[in-house]
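Novice: Sharing structure-v5.cif, mmCIF, C-alpha atoms:
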```
data_my_file
#
loop_
_atom_site.label_atom_id
_atom_site.label_comp_id
_atom_site.auth_asym_id
_atom_site.auth_seq_id
_atom_site.Cartn_x
_atom_site.Cartn_y
_atom_site.Cartn_z
CA MET A 1 -0.02 -24.51 10.29
CA LYS A 2 2.38 -27.35 9.49
CA GLN A 3 3.79 -25.29 6.61
CA ILE A 4 4.48 -22.33 8.94
CA VAL A 5 6.26 -24.53 11.51
CA PHE A 6 8.33 -26.14 8.75
CA PHE A 7 9.24 -22.70 7.38
CA LEU A 8 10.39 -21.51 10.81
CA LEU A 9 12.57 -24.57 11.35
CA ILE A 10 14.26 -24.13 7.98
CA PHE A 11 14.64 -20.37 8.31
CA SER A 12 16.11 -20.54 11.82
CA THR A 13 18.89 -22.87 10.65
CA VAL A 14 20.09 -20.51 7.91
CA ASN A 15 19.48 -17.11 9.51
CA ALA A 16 20.40 -16.21 13.09
CA GLN A 17 18.81 -12.75 13.08
CA PHE A 18 15.11 -13.50 12.90
CA SER A 19 12.05 -12.76 15.04
CA VAL A 20 8.40 -13.77 15.11
CA ASP A 21 5.50 -11.63 16.40
CA VAL A 22 1.95 -12.68 17.29
CA ASP A 23 -0.58 -9.92 17.97
CA TYR A 24 -4.24 -9.90 18.99
CA LEU A 25 -6.21 -7.05 17.37
CA TYR A 26 -9.43 -5.47 18.63
CA GLY A 27 -10.75 -2.47 16.76
CA LYS A 28 -13.38 -0.50 14.95
CA ILE A 29 -14.27 -0.04 11.29
CA LEU A 30 -14.25 3.72 10.76
CA PRO A 31 -17.48 5.16 9.24
CA HIS A 32 -15.75 7.06 6.43
CA SER A 33 -18.88 6.92 4.24
CA GLN A 34 -22.63 7.03 4.84
CA SER A 35 -22.92 3.97 2.60
CA ILE A 36 -21.08 1.75 5.06
CA LYS A 37 -22.45 2.91 8.42
CA HIS A 38 -25.23 0.31 8.45
CA LEU A 39 -22.63 -2.47 8.01
CA ILE A 40 -20.68 -1.55 11.15
CA VAL A 41 -22.44 -3.58 13.82
CA LYS A 42 -19.68 -4.91 16.11
CA HIS A 43 -16.01 -4.46 16.89
CA PRO A 44 -13.81 -6.56 14.56
CA GLU A 45 -11.17 -8.84 16.06
CA GLY A 46 -8.16 -10.45 14.50
CA VAL A 47 -4.66 -11.87 14.61
CA LEU A 48 -1.46 -10.56 13.02
CA LEU A 49 1.44 -13.01 12.60
CA SER A 50 4.73 -11.42 11.53
CA PHE A 51 8.16 -12.71 10.50
CA ASN A 52 11.02 -10.20 10.67
CA LYS A 53 14.56 -10.32 9.30
CA LYS A 54 16.86 -8.13 11.38
CA THR A 55 19.58 -5.96 9.87
CA TYR A 56 22.82 -4.94 11.56
CA GLY A 57 24.55 -2.63 9.12
CA GLU A 58 26.09 -5.01 6.60
CA LYS A 59 24.95 -2.53 3.93
CA GLU A 60 24.90 1.24 4.04
CA TRP A 61 21.13 1.60 3.58
CA GLN A 62 20.61 -0.33 6.84
CA SER A 63 22.64 2.25 8.76
CA ASN A 64 20.82 5.11 7.02
CA PHE A 65 17.49 3.87 8.38
CA ASN A 66 18.64 2.90 11.89
CA PHE A 67 18.82 -0.85 11.14
CA PRO A 68 15.22 -1.67 10.16
CA ASP A 69 13.63 -5.12 9.95
CA TYR A 70 11.95 -6.43 6.83
CA GLY A 71 9.74 -9.46 6.36
CA PHE A 72 6.20 -10.60 5.77
CA SER A 73 3.02 -10.76 7.82
CA LEU A 74 -0.25 -12.68 7.82
CA GLN A 75 -3.53 -11.12 8.99
CA TYR A 76 -6.96 -12.44 9.89
CA GLN A 77 -9.81 -10.01 10.58
CA ALA A 78 -13.28 -11.11 11.67
CA ASN A 79 -15.61 -8.23 10.73
CA LYS A 80 -18.44 -9.63 12.90
CA ASN A 81 -20.89 -9.12 10.05
CA GLN A 82 -21.97 -11.88 7.68
CA VAL A 83 -22.60 -9.33 4.92
CA LEU A 84 -19.00 -8.05 5.02
CA GLY A 85 -17.47 -11.48 5.51
CA ASP A 86 -14.00 -11.97 6.97
CA LEU A 87 -10.58 -10.92 5.69
CA TYR A 88 -7.30 -12.80 5.25
CA GLY A 89 -4.19 -10.90 4.17
CA VAL A 90 -0.55 -11.50 3.31
CA TYR A 91 1.88 -8.56 3.29
CA GLY A 92 5.48 -7.57 2.86
CA HIS A 93 6.61 -5.04 5.46
CA TYR A 94 9.39 -2.88 6.88
CA ASN A 95 9.86 -2.06 10.58
CA PHE A 96 11.50 1.29 11.39
CA TYR A 97 12.84 1.90 14.92
CA PHE A 98 12.85 5.02 17.09
CA LEU A 99 13.44 5.98 20.77
CA LYS A 100 16.30 3.56 21.44
CA ARG A 101 14.51 0.87 19.38
CA ASN A 102 11.51 0.78 21.72
CA LEU A 103 9.12 2.43 19.26
CA VAL A 104 8.37 0.63 15.99
CA PHE A 105 6.63 2.06 12.94
CA ARG A 106 5.69 -0.49 10.29
CA VAL A 107 4.51 -0.09 6.71
CA GLY A 108 2.92 -3.16 5.08
CA GLN A 109 1.61 -3.70 1.54
CA GLY A 110 -0.04 -6.84 0.22
CA ILE A 111 -3.16 -8.67 -0.88
CA ALA A 112 -6.29 -9.53 1.11
CA TYR A 113 -8.98 -12.16 0.53
CA ASN A 114 -12.62 -11.48 1.40
CA THR A 115 -14.92 -14.42 2.13
CA ASN A 116 -18.21 -12.79 1.04
CA PRO A 117 -17.89 -10.08 -1.63
CA TYR A 118 -20.74 -8.19 -3.31
CA ASP A 119 -23.14 -10.21 -5.42
CA LYS A 120 -26.16 -8.55 -7.02
CA ASN A 121 -28.37 -11.54 -6.18
CA GLU A 122 -26.97 -13.12 -3.01
CA ASN A 123 -25.06 -10.30 -1.24
CA PHE A 124 -26.17 -6.96 -2.66
CA ARG A 125 -25.70 -5.13 0.67
CA ASN A 126 -21.90 -5.53 0.69
CA LEU A 127 -20.93 -2.24 -0.93
CA ALA A 128 -17.46 -2.34 0.68
CA TYR A 129 -15.88 -5.18 -1.31
CA SER A 130 -16.81 -6.36 -4.79
CA THR A 131 -13.90 -8.76 -5.34
CA LYS A 132 -12.54 -11.67 -3.33
CA LEU A 133 -8.95 -10.51 -3.84
CA MET A 134 -7.95 -6.89 -3.29
CA PRO A 135 -4.86 -4.77 -2.57
CA SER A 136 -4.41 -3.86 1.08
CA THR A 137 -2.14 -1.53 3.06
CA TYR A 138 -1.50 -1.25 6.77
CA PHE A 139 0.42 0.90 9.22
CA LEU A 140 1.45 -0.10 12.73
CA LEU A 141 2.86 1.84 15.67
CA ASN A 142 4.07 -0.30 18.58
CA TYR A 143 5.97 -0.04 21.84
CA ARG A 144 8.24 -3.08 21.70
CA LYS A 145 10.54 -4.85 24.16
CA GLU A 146 12.48 -7.95 23.16
CA GLN A 147 13.94 -10.76 25.29
CA ILE A 148 12.27 -9.97 28.60
CA ILE A 149 11.97 -13.63 29.58
CA GLY A 150 14.59 -15.56 27.66
CA ASN A 151 13.93 -14.92 23.98
CA ILE A 152 10.33 -13.81 24.61
CA GLY A 153 9.26 -10.15 24.64
CA PHE A 154 6.05 -8.17 24.19
CA GLN A 155 4.62 -5.30 22.16
CA THR A 156 1.50 -3.16 22.26
CA GLY A 157 0.16 -0.32 20.16
CA PHE A 158 -2.18 0.50 17.31
CA SER A 159 -2.66 -0.53 13.70
CA PHE A 160 -4.59 0.84 10.73
CA PHE A 161 -5.69 -1.50 7.90
CA HIS A 162 -7.11 -0.27 4.59
CA HIS A 163 -8.97 -2.82 2.45
CA SER A 164 -10.02 -1.69 -1.02
CA ASN A 165 -9.84 -3.04 -4.57
CA ALA A 166 -8.95 0.45 -5.87
CA ASN A 167 -11.92 0.52 -8.25
CA LEU A 168 -10.89 -2.65 -10.04
CA LYS A 169 -14.61 -3.36 -9.85
CA SER A 170 -17.66 -1.63 -8.37
CA PRO A 171 -18.93 -1.24 -5.71
CA ASN A 172 -15.83 -0.26 -3.77
CA ILE A 173 -16.71 1.75 -0.66
CA SER A 174 -13.80 -0.05 1.13
CA THR A 175 -13.08 -0.25 4.88
CA ASN A 176 -10.58 1.38 7.22
CA THR A 177 -10.01 -0.47 10.48
CA LEU A 178 -8.28 1.10 13.48
CA SER A 179 -7.23 -1.48 16.08
CA PHE A 180 -5.57 -1.75 19.46
CA GLN A 181 -3.15 -4.65 19.58
CA LEU A 182 -1.27 -6.63 22.17
CA GLY A 183 1.20 -9.39 21.48
CA LEU A 184 4.39 -11.35 22.06
CA ASN A 185 7.62 -11.54 20.10
CA TYR A 186 10.24 -14.27 19.98
CA VAL A 187 13.83 -13.84 18.79
CA VAL A 188 15.05 -16.97 17.01
CA ASN A 189 18.67 -18.05 17.57
CA ASP A 190 19.88 -14.62 18.66
CA ASP A 191 23.69 -14.49 18.61
CA SER A 192 23.94 -11.04 20.24
CA LYS A 193 25.20 -9.52 17.01
CA THR A 194 25.88 -5.80 17.42
CA PHE A 195 24.84 -2.94 15.17
CA LYS A 196 27.55 -1.56 12.96
CA ALA A 197 27.22 1.81 11.25
CA THR A 198 28.38 1.58 7.63
CA PHE A 199 28.80 4.84 5.76
CA ASP A 200 30.48 5.70 2.49
CA SER A 201 32.95 8.47 3.30
CA LEU A 202 33.12 9.65 -0.31
CA LYS A 203 31.06 12.68 -1.17
CA VAL A 204 28.62 11.91 -3.94
CA SER A 205 27.05 14.44 -6.28
CA PHE A 206 23.60 13.65 -7.62
CA PRO A 207 22.80 14.98 -11.10
CA ILE A 208 19.27 15.58 -12.36
CA LYS A 209 17.84 12.41 -13.93
CA TYR A 210 15.06 12.14 -16.53
CA ASN A 211 12.48 9.34 -16.43
CA ILE A 212 9.75 7.84 -18.59
CA ALA A 213 7.13 5.62 -16.92
CA PHE A 214 4.24 3.67 -18.45
CA ARG A 215 1.37 2.47 -16.22
CA THR A 216 -1.70 0.41 -16.97
CA GLY A 217 -4.47 -1.66 -15.41
CA ILE A 218 -8.27 -1.98 -15.37
CA ASN A 219 -10.98 -0.20 -13.41
CA GLU A 220 -14.71 0.48 -13.39
CA SER A 221 -16.87 3.53 -12.76
CA ASP A 222 -19.13 3.79 -9.71
CA ILE A 223 -22.05 2.58 -11.85
CA ILE A 224 -22.34 -1.06 -10.77
CA GLY A 225 -22.24 -3.41 -13.74
CA SER A 226 -20.86 -0.81 -16.16
CA GLY A 227 -17.91 -3.08 -16.89
CA GLN A 228 -14.17 -3.05 -16.37
CA LYS A 229 -12.17 -1.01 -18.86
CA PRO A 230 -8.40 -0.66 -19.45
CA PHE A 231 -6.45 2.51 -18.82
CA TYR A 232 -3.09 3.74 -20.00
CA GLU A 233 -0.82 6.39 -18.50
CA LEU A 234 2.45 7.91 -19.66
CA SER A 235 4.63 10.03 -17.37
CA PHE A 236 7.67 12.18 -18.10
CA TYR A 237 9.52 13.60 -15.12
CA ALA A 238 12.82 14.80 -13.77
CA ASP A 239 14.14 13.85 -10.35
CA LYS A 240 16.89 15.28 -8.22
CA GLN A 241 18.43 13.26 -5.40
CA PHE A 242 19.38 15.48 -2.45
CA THR A 243 20.54 12.85 0.04
CA LYS A 244 21.20 9.13 -0.02
CA LYS A 245 17.59 8.60 1.04
CA SER A 246 15.56 11.32 -0.66
CA LYS A 247 14.58 12.50 -4.13
CA MET A 248 12.27 15.23 -5.38
CA GLN A 249 10.32 14.94 -8.63
CA LEU A 250 8.64 17.24 -11.14
CA GLY A 251 6.79 16.03 -14.22
CA ILE A 252 3.75 15.59 -16.43
CA ASP A 253 1.16 12.77 -16.62
CA LEU A 254 -0.96 11.78 -19.63
CA PHE A 255 -4.12 9.78 -18.80
CA ALA A 256 -6.42 7.72 -21.03
CA MET A 257 -8.96 5.92 -18.80
CA TYR A 258 -11.62 4.22 -20.89
CA TYR A 259 -14.06 3.75 -18.02
CA LEU A 260 -14.39 7.53 -18.07
CA LYS A 261 -15.21 7.52 -21.77
CA GLU A 262 -18.14 5.17 -21.10
CA TYR A 263 -19.18 7.13 -18.01
CA ILE A 264 -19.45 10.34 -20.05
CA LYS A 265 -21.79 8.60 -22.49
CA TYR A 266 -23.85 7.26 -19.58
CA LYS A 267 -24.17 10.72 -18.01
CA ALA A 268 -25.26 12.25 -21.31
CA VAL A 269 -28.13 9.75 -21.61
CA ALA A 270 -29.12 9.22 -17.97
CA PHE A 271 -28.99 12.90 -16.90
CA PRO A 272 -30.04 15.03 -19.87
CA ASN A 273 -30.57 18.07 -17.63
CA GLU A 274 -26.82 18.24 -16.99
CA ASN A 275 -26.18 18.89 -20.70
CA VAL A 276 -23.19 16.56 -20.96
CA ASN A 277 -21.83 16.21 -24.48
CA PRO A 278 -21.29 12.46 -25.12
CA GLU A 279 -18.31 13.34 -27.34
CA THR A 280 -16.46 15.15 -24.54
CA ASP A 281 -12.80 14.15 -24.49
CA PHE A 282 -12.13 11.70 -21.66
CA LYS A 283 -8.35 12.16 -21.68
CA ARG A 284 -6.56 14.23 -19.03
CA VAL A 285 -3.16 15.88 -18.59
CA GLY A 286 -1.68 16.64 -15.17
CA LEU A 287 1.39 18.32 -13.75
CA PHE A 288 2.81 16.81 -10.56
CA THR A 289 5.49 17.13 -7.93
CA GLY A 290 6.67 14.20 -5.86
CA TYR A 291 8.93 12.79 -3.18
CA GLU A 292 10.73 9.44 -3.28
CA LEU A 293 12.19 7.67 -0.23
CA LEU A 294 14.97 5.22 -1.18
CA ILE A 295 15.23 1.98 0.80
CA ASN A 296 17.78 -0.37 -0.72
CA LYS A 297 16.42 -1.47 -4.14
CA PHE A 298 12.91 -0.42 -3.13
CA SER A 299 11.56 3.09 -2.87
CA LEU A 300 8.33 4.64 -1.61
CA GLU A 301 6.78 7.30 -3.80
CA ALA A 302 4.23 10.06 -3.08
CA GLN A 303 3.04 12.51 -5.72
CA LEU A 304 0.61 15.41 -5.81
CA GLY A 305 -0.82 16.47 -9.17
CA TYR A 306 -3.13 19.02 -10.78
CA TYR A 307 -5.02 18.55 -14.05
CA VAL A 308 -4.17 21.27 -16.55
CA TYR A 309 -6.35 19.59 -19.20
CA GLU A 310 -9.60 17.99 -18.02
CA PRO A 311 -12.57 18.58 -20.38
CA PHE A 312 -14.87 16.46 -18.19
CA ASP A 313 -14.72 17.47 -14.53
CA PHE A 314 -15.26 14.19 -12.68
CA LEU A 315 -13.32 13.87 -9.41
CA GLY A 316 -11.86 17.35 -9.10
CA PRO A 317 -8.63 18.89 -10.37
CA ILE A 318 -6.25 17.54 -7.69
CA TYR A 319 -5.00 13.95 -7.60
CA GLN A 320 -2.48 11.92 -5.59
CA ARG A 321 -0.36 8.87 -6.24
CA LEU A 322 1.15 6.60 -3.57
CA GLY A 323 3.29 3.68 -4.60
CA THR A 324 6.26 1.36 -4.36
CA LYS A 325 9.07 1.04 -6.90
CA TYR A 326 11.64 -1.69 -7.38
CA HIS A 327 14.88 -0.72 -9.11
CA TRP A 328 16.14 -3.66 -11.16
CA ASN A 329 19.30 -1.76 -12.08
CA LYS A 330 20.39 1.85 -12.56
CA SER A 331 18.16 2.27 -15.61
CA VAL A 332 15.03 0.12 -15.24
CA PHE A 333 12.35 0.09 -12.54
CA SER A 334 8.88 -1.35 -12.02
CA SER A 335 6.12 0.01 -9.81
CA VAL A 336 2.75 -0.56 -8.18
CA SER A 337 0.83 2.54 -7.16
CA LEU A 338 -2.58 3.79 -6.10
CA LYS A 339 -4.06 6.85 -7.80
CA THR A 340 -6.59 8.72 -5.68
CA HIS A 341 -8.55 11.96 -5.46
CA GLY A 342 -8.53 12.62 -1.73
CA GLY A 343 -10.25 9.63 -0.12
CA LYS A 344 -11.59 8.37 -3.47
CA ALA A 345 -9.44 5.70 -5.12
CA GLU A 346 -9.51 5.72 -8.91
CA ALA A 347 -7.07 3.01 -9.97
CA ILE A 348 -4.30 0.65 -8.98
CA GLU A 349 -1.50 1.12 -11.48
CA PHE A 350 1.12 -1.39 -12.61
CA GLY A 351 4.08 0.28 -14.26
CA ILE A 352 7.50 0.01 -15.78
CA GLY A 353 9.94 2.81 -16.39
CA VAL A 354 13.42 3.81 -17.51
CA LYS A 355 15.94 6.44 -16.48
CA LEU A 356 17.44 8.23 -19.45
#
```
What do you get writing this file as structure tokens?
Specialist:
Amino acid sequence: MKQIVFFLLIFSTVNAQFSVDVDYLYGKILPHSQSIKHLIVKHPEGVLLSFNKKTYGEKEWQSNFNFPDYGFSLQYQANKNQVLGDLYGVYGHYNFYFLKRNLVFRVGQGIAYNTNPYDKNENFRNLAYSTKLMPSTYFLLNYRKEQIIGNIGFQTGFSFFHHSNANLKSPNISTNTLSFQLGLNYVVNDDSKTFKATFDSLKVSFPIKYNIAFRTGINESDIIGSGQKPFYELSFYADKQFTKKSKMQLGIDLFAMYYLKEYIKYKAVAFPNENVNPETDFKRVGLFTGYELLINKFSLEAQLGYYVYEPFDFLGPIYQRLGTKYHWNKSVFSSVSLKTHGGKAEAIEFGIGVKL
């Protein structure tokens, strides 16, 4: 707590456009799987503490997105179940404003800590979380009013938190928590700075660009104890920017996930009636189309793919990828993304890429 107070004092002296939110959360863990229903016994409660840097149009991207906030947030969620344990999270986030800046939509991405993960001897019932640290994503929709009484305002709305380790280790049923929230906000050292639209009047043409991306990480099959294996992915794609905020993509993915190689061998031995050939190729090739939303040096990416080469049918032919990219310069970018098949996460991917 002392560290947070110290941070606020320092930050308020160097930045006049800053706000702090405190929200109480009361919600429900959604029963998205039969395997987790018995663990949902009470309504979880929590606190969300957020720090927001305001923008006023000093750069063009701020005007393009109606002067969003960006910052970081801290979350505590009491699951009200000793088996599940409690959750602590830290996130980076963006706030996007609508309806005369009274409606706020937030996207947050970060890391959560679980106090009581799965253990085959001491906590074998916790099929939701198998690691203490895990990636986490949340979305928030709030009605917000600032400076109602002095610098104090309030907000209320709903939030959705997803906690999952993205198959870094099994088991990984995960949890989705939908919460009602109510809170206060405080604007620090507001100097009544006004919004200024900044637009480049020059017309810009956007040529087609070609990209190569390499992604890697580790994951594990649904067979508990089967072991974490590395995976490697190579993507070739073209993108076409249509506006200053939007790009479309079209490309090909090559996948080599070694957990799948071991899983094929397991299936061949454990389920002989299914006639699985242990030498079946575990590699896959997919074609995908995607959309990229550009926000300053960051971008949000969503892709939809279809396997055109998949000798072992495991999770179905359709896959998705959701991720964040950071553009270091005009040629090099890095990324973190989640590869899924519908509601089934397969891997969290760490990547680097170049524009040709």
Novice: Could you list the residues chosen by the PyMOL selection byres ((chain A and resi 173) around 9) in this structure as an MDAnalysis selection string?
Specialist: chainID A and resid 32:33 35:36 127:129 164 170:172 174:175 344
Novice: How would you write, as a list in words, the residues chosen by the PyMOL selection byres ((chain A and resi 103-110) around 8) on this structure?
Specialist: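 On this input, the PyMOL selection byres ((chain A and resi 103-110) around 8) captures Gly89, Val90, Tyr91, Gly92, His93, Tyr94, Asn95, Phe96, Tyr97, Phe98, Leu99, Lys100, Arg101, Asn102, Ile111, Ala112, Pro135, Ser136, Thr137, Tyr138, Phe139, Leu140, Leu141, Asn142, Tyr143 and Arg144 of chain A.
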Novice: Nearest to Phe350 (chain A): which of A:Gly57, A:Gly251, A:Pro31, A:Pro230 is it, counting all atoms listed in the file?
Specialist: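 Among the listed residues, the smallest separation from Phe350 (chain A) belongs to A:Pro230.
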Novice: Counting only C-alpha atoms, which residue out of A:Lys339, A:Lys229, A:Lys196, A:Lys80 sits closest to Lys28 (chain A)?
Specialist: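 Looking only at the distances to Lys28 (chain A), the closest residue turns out to be A:Lys80.
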Novice: Distance cut-off 7 Å, centre (14.5, 12.8, -4.0) in file coordinates, counting all atoms listed in the file: which residues qualify? Return them as a ChimeraX atom specification.
Specialist: /A:239-242,246-249,291-293
Novice: For CA of Leu304 (chain A) and CA of Ser335 (chain A), quote the distance in Å rounded to one decimal.
Specialist: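 CA of Leu304 (chain A) sits 16.8 Å away from CA of Ser335 (chain A).
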Novice: Take the PyMOL selection byres ((chain A and resi 318-321) around 10), apply it to the structure above, and return the hits as an NGL selection string.
Specialist: :A and (286-290 or 301-308 or 315-317 or 322-323 or 337-349)
Novice: Please measure the separation of CA of Asn211 (chain A) and CA of Val354 (chain A), giving the value in Å to one decimal.
Specialist: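 Distance reported for this atom pair: 5.7 Å.
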Novice: Provide the CA of Lys265 (chain A) to CA of Gly225 (chain A) distance in Å, to one decimal place.
Specialist: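 Distance between the two atoms: 14.9 Å.
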Novice: Hey, which of A:Leu74, A:Leu178, A:Glu60, A:Phe154 ends up closest to Pro44 (chain A)? Count all atoms listed in the file.
Specialist: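 Counting all atoms listed in the file, the residue closest to Pro44 (chain A) is A:Leu178.
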Novice: Since the input lacks some atoms of region 164-173 of chain A, please model all heavy atoms and print them as a PDB file, in the coordinates of the input.
Specialist:
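As written to disk, result34.pdb reads:
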```
ATOM      1  N   SER A 164      -9.321  -2.276   0.118  1.00  0.00           N
ATOM      2  CA  SER A 164     -10.020  -1.690  -1.020  1.00  0.00           C
ATOM      3  C   SER A 164      -9.475  -2.321  -2.298  1.00  0.00           C
ATOM      4  O   SER A 164      -8.278  -2.610  -2.393  1.00  0.00           O
ATOM      5  CB  SER A 164      -9.795  -0.167  -1.055  1.00  0.00           C
ATOM      6  OG  SER A 164     -10.173   0.378  -2.296  1.00  0.00           O
ATOM      7  N   ASN A 165     -10.340  -2.496  -3.302  1.00  0.00           N
ATOM      8  CA  ASN A 165      -9.840  -3.040  -4.570  1.00  0.00           C
ATOM      9  C   ASN A 165      -9.449  -1.940  -5.551  1.00  0.00           C
ATOM     10  O   ASN A 165      -9.182  -2.205  -6.722  1.00  0.00           O
ATOM     11  CB  ASN A 165     -10.844  -4.009  -5.204  1.00  0.00           C
ATOM     12  CG  ASN A 165     -12.095  -3.314  -5.738  1.00  0.00           C
ATOM     13  OD1 ASN A 165     -12.093  -2.116  -6.021  1.00  0.00           O
ATOM     14  ND2 ASN A 165     -13.175  -4.067  -5.897  1.00  0.00           N
ATOM     15  N   ALA A 166      -9.421  -0.680  -5.065  1.00  0.00           N
ATOM     16  CA  ALA A 166      -8.950   0.450  -5.870  1.00  0.00           C
ATOM     17  C   ALA A 166      -9.719   0.599  -7.177  1.00  0.00           C
ATOM     18  O   ALA A 166      -9.147   0.901  -8.220  1.00  0.00           O
ATOM     19  CB  ALA A 166      -7.451   0.317  -6.138  1.00  0.00           C
ATOM     20  N   ASN A 167     -11.033   0.370  -7.084  1.00  0.00           N
ATOM     21  CA  ASN A 167     -11.920   0.520  -8.250  1.00  0.00           C
ATOM     22  C   ASN A 167     -11.621  -0.469  -9.377  1.00  0.00           C
ATOM     23  O   ASN A 167     -11.961  -0.212 -10.532  1.00  0.00           O
ATOM     24  CB  ASN A 167     -11.890   1.944  -8.800  1.00  0.00           C
ATOM     25  CG  ASN A 167     -13.106   2.729  -8.348  1.00  0.00           C
ATOM     26  OD1 ASN A 167     -13.657   2.475  -7.282  1.00  0.00           O
ATOM     27  ND2 ASN A 167     -13.524   3.674  -9.159  1.00  0.00           N
ATOM     28  N   LEU A 168     -10.991  -1.601  -9.042  1.00  0.00           N
ATOM     29  CA  LEU A 168     -10.890  -2.650 -10.040  1.00  0.00           C
ATOM     30  C   LEU A 168     -12.278  -3.080 -10.499  1.00  0.00           C
ATOM     31  O   LEU A 168     -12.487  -3.443 -11.656  1.00  0.00           O
ATOM     32  CB  LEU A 168     -10.148  -3.861  -9.463  1.00  0.00           C
ATOM     33  CG  LEU A 168      -8.631  -3.752  -9.326  1.00  0.00           C
ATOM     34  CD1 LEU A 168      -8.088  -4.901  -8.513  1.00  0.00           C
ATOM     35  CD2 LEU A 168      -7.975  -3.709 -10.704  1.00  0.00           C
ATOM     36  N   LYS A 169     -13.227  -3.000  -9.559  1.00  0.00           N
ATOM     37  CA  LYS A 169     -14.610  -3.360  -9.850  1.00  0.00           C
ATOM     38  C   LYS A 169     -15.503  -2.649  -8.843  1.00  0.00           C
ATOM     39  O   LYS A 169     -15.108  -2.409  -7.709  1.00  0.00           O
ATOM     40  CB  LYS A 169     -14.795  -4.882  -9.757  1.00  0.00           C
ATOM     41  CG  LYS A 169     -16.133  -5.389 -10.272  1.00  0.00           C
ATOM     42  CD  LYS A 169     -16.180  -6.921 -10.208  1.00  0.00           C
ATOM     43  CE  LYS A 169     -17.518  -7.435 -10.728  1.00  0.00           C
ATOM     44  NZ  LYS A 169     -17.588  -8.914 -10.648  1.00  0.00           N
ATOM     45  N   SER A 170     -16.703  -2.290  -9.268  1.00  0.00           N
ATOM     46  CA  SER A 170     -17.660  -1.630  -8.370  1.00  0.00           C
ATOM     47  C   SER A 170     -18.661  -2.643  -7.831  1.00  0.00           C
ATOM     48  O   SER A 170     -18.967  -3.641  -8.495  1.00  0.00           O
ATOM     49  CB  SER A 170     -18.402  -0.529  -9.135  1.00  0.00           C
ATOM     50  OG  SER A 170     -17.536   0.535  -9.429  1.00  0.00           O
ATOM     51  N   PRO A 171     -19.176  -2.379  -6.597  1.00  0.00           N
ATOM     52  CA  PRO A 171     -18.930  -1.240  -5.710  1.00  0.00           C
ATOM     53  C   PRO A 171     -17.595  -1.378  -4.975  1.00  0.00           C
ATOM     54  O   PRO A 171     -17.048  -2.464  -4.862  1.00  0.00           O
ATOM     55  CB  PRO A 171     -20.095  -1.304  -4.740  1.00  0.00           C
ATOM     56  CG  PRO A 171     -20.415  -2.759  -4.647  1.00  0.00           C
ATOM     57  CD  PRO A 171     -20.197  -3.305  -6.038  1.00  0.00           C
ATOM     58  N   ASN A 172     -17.125  -0.249  -4.439  1.00  0.00           N
ATOM     59  CA  ASN A 172     -15.830  -0.260  -3.770  1.00  0.00           C
ATOM     60  C   ASN A 172     -15.790   0.833  -2.694  1.00  0.00           C
ATOM     61  O   ASN A 172     -14.952   1.728  -2.733  1.00  0.00           O
ATOM     62  CB  ASN A 172     -14.701  -0.043  -4.788  1.00  0.00           C
ATOM     63  CG  ASN A 172     -13.331  -0.055  -4.133  1.00  0.00           C
ATOM     64  OD1 ASN A 172     -13.050  -0.903  -3.299  1.00  0.00           O
ATOM     65  ND2 ASN A 172     -12.491   0.896  -4.480  1.00  0.00           N
ATOM     66  N   ILE A 173     -16.718   0.768  -1.747  1.00  0.00           N
ATOM     67  CA  ILE A 173     -16.710   1.750  -0.660  1.00  0.00           C
ATOM     68  C   ILE A 173     -15.473   1.566   0.205  1.00  0.00           C
ATOM     69  O   ILE A 173     -14.927   2.512   0.741  1.00  0.00           O
ATOM     70  CB  ILE A 173     -17.991   1.623   0.193  1.00  0.00           C
ATOM     71  CG1 ILE A 173     -19.235   1.847  -0.680  1.00  0.00           C
ATOM     72  CG2 ILE A 173     -17.980   2.630   1.338  1.00  0.00           C
ATOM     73  CD1 ILE A 173     -19.284   3.196  -1.334  1.00  0.00           C
TER      74      ILE A 173
END
```
